[in-house]
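K.L.:
Okay, handing you the structure first.
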Amino acid sequence: RPGTKDTDWRYDSATGKPSWHTDQSFRSPRPLASAMYCLDTPPDGVGQTVFCSTAAALEDLPARTREKLSALSATHSYRQLGASFAKYAGGTPKTLSAARAGLCAEHRLVEHDALYLAPHAIEAVTEDGVEMQGGADLVDALSTYCTGPAYSHGHVWEQGDYVVWNNLRTMHCASGVPPELAPQRRMWRTTMLARGGGDAEGGATD
């Protein structure tokens, strides 16, 4: 369980930064896990990957709030991800792959005893199939809450580090690397479905 940290990586909905997400939430099946291997990294903690526990954050919410959230679903889409790029990064939807433009999936807001969030990719929150008014504000508020110091951890990379994380119970973001140091950061990264290539919801583990 993460502890309180000196650096506050809390999500800011006004700027969309840091760019907290869970990998490819707009897919079905979605990735169960992701992994990164560090070939090389800049010194002094530059280029951290920051993780937050959406499971610990959910656990700390009042029981009544957890019950209300459990009744909600969220629509994740590549289209919304493109709109977020345009809004926050000064890009356009064309910045993203046209081959993925139609990708869209609906997931429960609470699954596997964790909040399942991706603020840049969620285009609607629904209850019993009806879109909820204020859904975007709810997602932003939950994302800010989950990424507070009590639930976040910044991983300082060292050469040879291999980190695996559960996409259904966490979010993550990059802390950024100055352009002059970018050539020093070399990573391998992959995402994984559940065993057998089936629905990533099956067999989810910590």
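Convention: chains lettered A, B, ... in structure tokens order; per-chain residue numbering from 1; ligands numbered from 1 as shown.
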Excluding range 177-186 of chain A and any residue of its chain fewer than 4 positions from it, enumerate the residues within 7 Å of it, using only C-alpha atoms, and give them as a count of residues only.

P.N.:
7

K.L.:
DSSP on the backbone, helix (DSSP H, G or I) only: what residues of range 35-89 of chain A does that give? Format it as a PyMOL selection string.

P.N.:
chain A and resi 54-59+63-70+78-88

K.L.:
Could you write those residues out with N, CA, C and O atoms, as a compact mmCIF listing (two decimals), in the first residue's frame?

P.N.:
```txt
# COMPACT_ATOMS: atom_id res chain seq x y z
N THR A 54 -5.73 2.34 -6.95
CA THR A 54 -7.17 2.63 -6.94
C THR A 54 -7.92 1.67 -6.03
O THR A 54 -9.07 1.91 -5.68
N ALA A 55 -7.25 0.58 -5.63
CA ALA A 55 -7.84 -0.35 -4.66
C ALA A 55 -7.80 0.24 -3.26
O ALA A 55 -8.80 0.23 -2.52
N ALA A 56 -6.63 0.76 -2.86
CA ALA A 56 -6.51 1.38 -1.53
C ALA A 56 -7.41 2.60 -1.43
O ALA A 56 -8.03 2.85 -0.39
N ALA A 57 -7.50 3.37 -2.52
CA ALA A 57 -8.35 4.56 -2.51
C ALA A 57 -9.82 4.19 -2.33
O ALA A 57 -10.55 4.84 -1.57
N LEU A 58 -10.26 3.16 -3.01
CA LEU A 58 -11.66 2.71 -2.86
C LEU A 58 -11.91 2.22 -1.44
O LEU A 58 -12.95 2.53 -0.84
N GLU A 59 -10.98 1.48 -0.90
CA GLU A 59 -11.14 0.91 0.44
C GLU A 59 -11.38 2.00 1.48
O GLU A 59 -12.11 1.79 2.46
N ALA A 63 -18.63 3.37 3.10
CA ALA A 63 -19.35 2.23 2.53
C ALA A 63 -20.49 2.69 1.63
O ALA A 63 -20.74 2.11 0.56
N ARG A 64 -21.20 3.73 2.02
CA ARG A 64 -22.33 4.22 1.22
C ARG A 64 -21.86 4.75 -0.13
O ARG A 64 -22.51 4.54 -1.16
N THR A 65 -20.71 5.43 -0.13
CA THR A 65 -20.16 5.94 -1.38
C THR A 65 -19.72 4.80 -2.28
O THR A 65 -19.98 4.81 -3.50
N ARG A 66 -19.08 3.79 -1.70
CA ARG A 66 -18.66 2.63 -2.49
C ARG A 66 -19.87 1.94 -3.12
O ARG A 66 -19.82 1.51 -4.28
N GLU A 67 -20.96 1.85 -2.38
CA GLU A 67 -22.16 1.21 -2.90
C GLU A 67 -22.73 1.99 -4.08
O GLU A 67 -23.12 1.40 -5.10
N LYS A 68 -22.75 3.31 -3.98
CA LYS A 68 -23.27 4.14 -5.08
C LYS A 68 -22.38 4.02 -6.32
O LYS A 68 -22.88 3.91 -7.45
N LEU A 69 -21.07 4.04 -6.11
CA LEU A 69 -20.15 3.94 -7.24
C LEU A 69 -20.25 2.58 -7.92
O LEU A 69 -20.07 2.47 -9.14
N SER A 70 -20.54 1.54 -7.16
CA SER A 70 -20.63 0.19 -7.72
C SER A 70 -21.79 0.03 -8.69
O SER A 70 -21.81 -0.93 -9.48
N TYR A 78 -11.45 5.50 -27.69
CA TYR A 78 -10.27 6.09 -28.33
C TYR A 78 -10.61 7.48 -28.85
O TYR A 78 -9.75 8.36 -28.89
N ARG A 79 -11.84 7.67 -29.22
CA ARG A 79 -12.30 8.99 -29.67
C ARG A 79 -12.13 10.03 -28.56
O ARG A 79 -11.65 11.13 -28.80
N GLN A 80 -12.52 9.66 -27.35
CA GLN A 80 -12.38 10.60 -26.23
C GLN A 80 -10.91 10.85 -25.91
O GLN A 80 -10.54 11.98 -25.55
N LEU A 81 -10.09 9.83 -26.05
CA LEU A 81 -8.66 10.01 -25.83
C LEU A 81 -8.11 11.05 -26.81
O LEU A 81 -7.30 11.91 -26.45
N GLY A 82 -8.57 10.98 -28.06
CA GLY A 82 -8.15 11.95 -29.06
C GLY A 82 -8.59 13.36 -28.71
O GLY A 82 -7.84 14.33 -28.86
N ALA A 83 -9.83 13.48 -28.20
CA ALA A 83 -10.34 14.79 -27.79
C ALA A 83 -9.53 15.35 -26.62
O ALA A 83 -9.27 16.56 -26.55
N SER A 84 -9.11 14.47 -25.72
CA SER A 84 -8.30 14.91 -24.58
C SER A 84 -6.93 15.38 -25.06
O SER A 84 -6.38 16.36 -24.53
N PHE A 85 -6.35 14.70 -26.05
CA PHE A 85 -5.09 15.15 -26.61
C PHE A 85 -5.23 16.56 -27.16
O PHE A 85 -4.38 17.42 -26.96
N ALA A 86 -6.33 16.80 -27.88
CA ALA A 86 -6.55 18.11 -28.47
C ALA A 86 -6.73 19.18 -27.39
O ALA A 86 -6.25 20.30 -27.53
N LYS A 87 -7.41 18.83 -26.33
CA LYS A 87 -7.71 19.79 -25.26
C LYS A 87 -6.49 20.11 -24.41
O LYS A 87 -6.22 21.28 -24.11
N TYR A 88 -5.73 19.08 -24.03
CA TYR A 88 -4.68 19.27 -23.05
C TYR A 88 -3.27 19.36 -23.63
O TYR A 88 -2.39 19.97 -23.02
```

K.L.:
Counting only C-alpha atoms, which residue out of A:Ala121, A:Leu115, A:Met187, A:Cys52 sits closest to Thr147 in chain A?

P.N.:
A:Cys52

K.L.:
Which of these residues is nearest to Ala118 in chain A, using only C-alpha atoms: A:Arg169, A:Arg27, A:His76, A:Arg189?

P.N.:
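Result for the nearest residue to Ala118 in chain A: A:His76.
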
K.L.:
Which value, in Å to one decimal, gives the distance between CA of Ala124 in chain A and CA of Thr75 in chain A?

P.N.:
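A separation of 5.3 Å between them.
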
K.L.:
Taking the chain letters and numbering used in this document, name the residues of chain A that DSSP puts in strand (DSSP E or B), as a VMD selection string.

P.N.:
chain A and resid 12 17 21 33 to 40 49 to 53 72 to 77 104 to 108 110 to 111 114 to 115 122 to 127 130 to 131 152 to 155 162 to 166 170 to 174 186 to 192

K.L.:
Could you dump the residues just selected with C-alpha atoms as an mmCIF file, in the first residue's frame?

P.N.:
```cif
data_model
loop_
_atom_site.group_PDB
_atom_site.id
_atom_site.type_symbol
_atom_site.label_atom_id
_atom_site.label_comp_id
_atom_site.auth_asym_id
_atom_site.auth_seq_id
_atom_site.Cartn_x
_atom_site.Cartn_y
_atom_site.Cartn_z
ATOM 1 C CA ASP A 12 -5.402 18.372 -12.069
ATOM 2 C CA LYS A 17 -1.838 16.735 -15.931
ATOM 3 C CA HIS A 21 -4.298 6.526 -17.086
ATOM 4 C CA ALA A 33 -1.145 -6.079 -16.749
ATOM 5 C CA SER A 34 1.701 -4.030 -18.157
ATOM 6 C CA ALA A 35 5.457 -4.264 -17.667
ATOM 7 C CA MET A 36 8.492 -2.080 -18.247
ATOM 8 C CA TYR A 37 12.180 -2.984 -18.317
ATOM 9 C CA CYS A 38 14.801 -0.280 -17.891
ATOM 10 C CA LEU A 39 17.717 -0.484 -20.301
ATOM 11 C CA ASP A 40 19.095 2.916 -19.329
ATOM 12 C CA THR A 49 6.918 6.416 -13.431
ATOM 13 C CA VAL A 50 4.289 7.211 -10.824
ATOM 14 C CA PHE A 51 1.669 4.661 -9.747
ATOM 15 C CA CYS A 52 -1.469 5.012 -7.651
ATOM 16 C CA SER A 53 -3.516 2.308 -5.969
ATOM 17 C CA LEU A 72 -22.121 2.960 -12.238
ATOM 18 C CA SER A 73 -20.403 2.122 -15.509
ATOM 19 C CA ALA A 74 -18.096 4.191 -17.705
ATOM 20 C CA THR A 75 -17.666 4.288 -21.469
ATOM 21 C CA HIS A 76 -13.992 4.385 -22.479
ATOM 22 C CA SER A 77 -13.206 5.351 -26.076
ATOM 23 C CA CYS A 104 -14.820 1.756 -27.462
ATOM 24 C CA ALA A 105 -15.644 -0.344 -24.383
ATOM 25 C CA GLU A 106 -17.878 -0.103 -21.338
ATOM 26 C CA HIS A 107 -16.544 -1.126 -17.928
ATOM 27 C CA ARG A 108 -17.894 -1.016 -14.406
ATOM 28 C CA VAL A 110 -15.825 -0.432 -9.521
ATOM 29 C CA GLU A 111 -14.360 -3.866 -10.288
ATOM 30 C CA ALA A 114 -10.860 -1.146 -7.070
ATOM 31 C CA LEU A 115 -11.901 1.945 -8.990
ATOM 32 C CA ILE A 122 -13.825 8.153 -20.294
ATOM 33 C CA GLU A 123 -16.500 9.859 -22.373
ATOM 34 C CA ALA A 124 -19.584 9.037 -20.277
ATOM 35 C CA VAL A 125 -20.699 7.606 -16.947
ATOM 36 C CA THR A 126 -23.945 5.621 -16.947
ATOM 37 C CA GLU A 127 -26.346 4.042 -14.479
ATOM 38 C CA VAL A 130 -28.673 6.034 -18.806
ATOM 39 C CA GLU A 131 -25.962 8.685 -19.032
ATOM 40 C CA SER A 152 0.729 7.230 -4.992
ATOM 41 C CA HIS A 153 4.297 6.041 -5.385
ATOM 42 C CA GLY A 154 6.977 7.400 -7.715
ATOM 43 C CA HIS A 155 9.303 4.665 -8.953
ATOM 44 C CA TYR A 162 11.670 -4.745 -14.260
ATOM 45 C CA VAL A 163 8.284 -3.504 -13.017
ATOM 46 C CA VAL A 164 4.934 -5.236 -13.566
ATOM 47 C CA TRP A 165 1.608 -3.696 -12.558
ATOM 48 C CA ASN A 166 -2.075 -4.644 -12.552
ATOM 49 C CA THR A 170 -3.885 1.009 -10.517
ATOM 50 C CA MET A 171 -3.311 4.066 -12.668
ATOM 51 C CA HIS A 172 0.085 5.392 -13.682
ATOM 52 C CA CYS A 173 1.683 8.441 -15.290
ATOM 53 C CA ALA A 174 5.071 9.627 -16.505
ATOM 54 C CA ARG A 186 15.628 3.630 -22.938
ATOM 55 C CA MET A 187 12.807 1.309 -21.867
ATOM 56 C CA TRP A 188 11.078 -1.838 -23.103
ATOM 57 C CA ARG A 189 7.355 -1.966 -22.455
ATOM 58 C CA THR A 190 4.548 -4.468 -23.049
ATOM 59 C CA THR A 191 0.938 -5.090 -22.088
ATOM 60 C CA MET A 192 -0.620 -8.477 -21.336
#
```

K.L.:
In Å, rounded to a single decimal, give me how far CA of Asp137 in chain A is from CA of Asn167 in chain A.

P.N.:
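Pair CA of Asn167 in chain A / CA of Asp137 in chain A returns 22.4 Å.
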
K.L.:
Rank A:Tyr11, A:Leu61, A:Ser28, A:Ser19 by their smallest atom-to-atom distance to Asp113 in chain A, using only C-alpha atoms, and report the top residue only.

P.N.:
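Result for the nearest residue to Asp113 in chain A: A:Leu61.
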
K.L.:
So, counting only C-alpha atoms, which residue among A:Thr15, A:Gln48, A:Thr7, A:Gln24 is closest to Leu168 in chain A?

P.N.:
A:Gln24
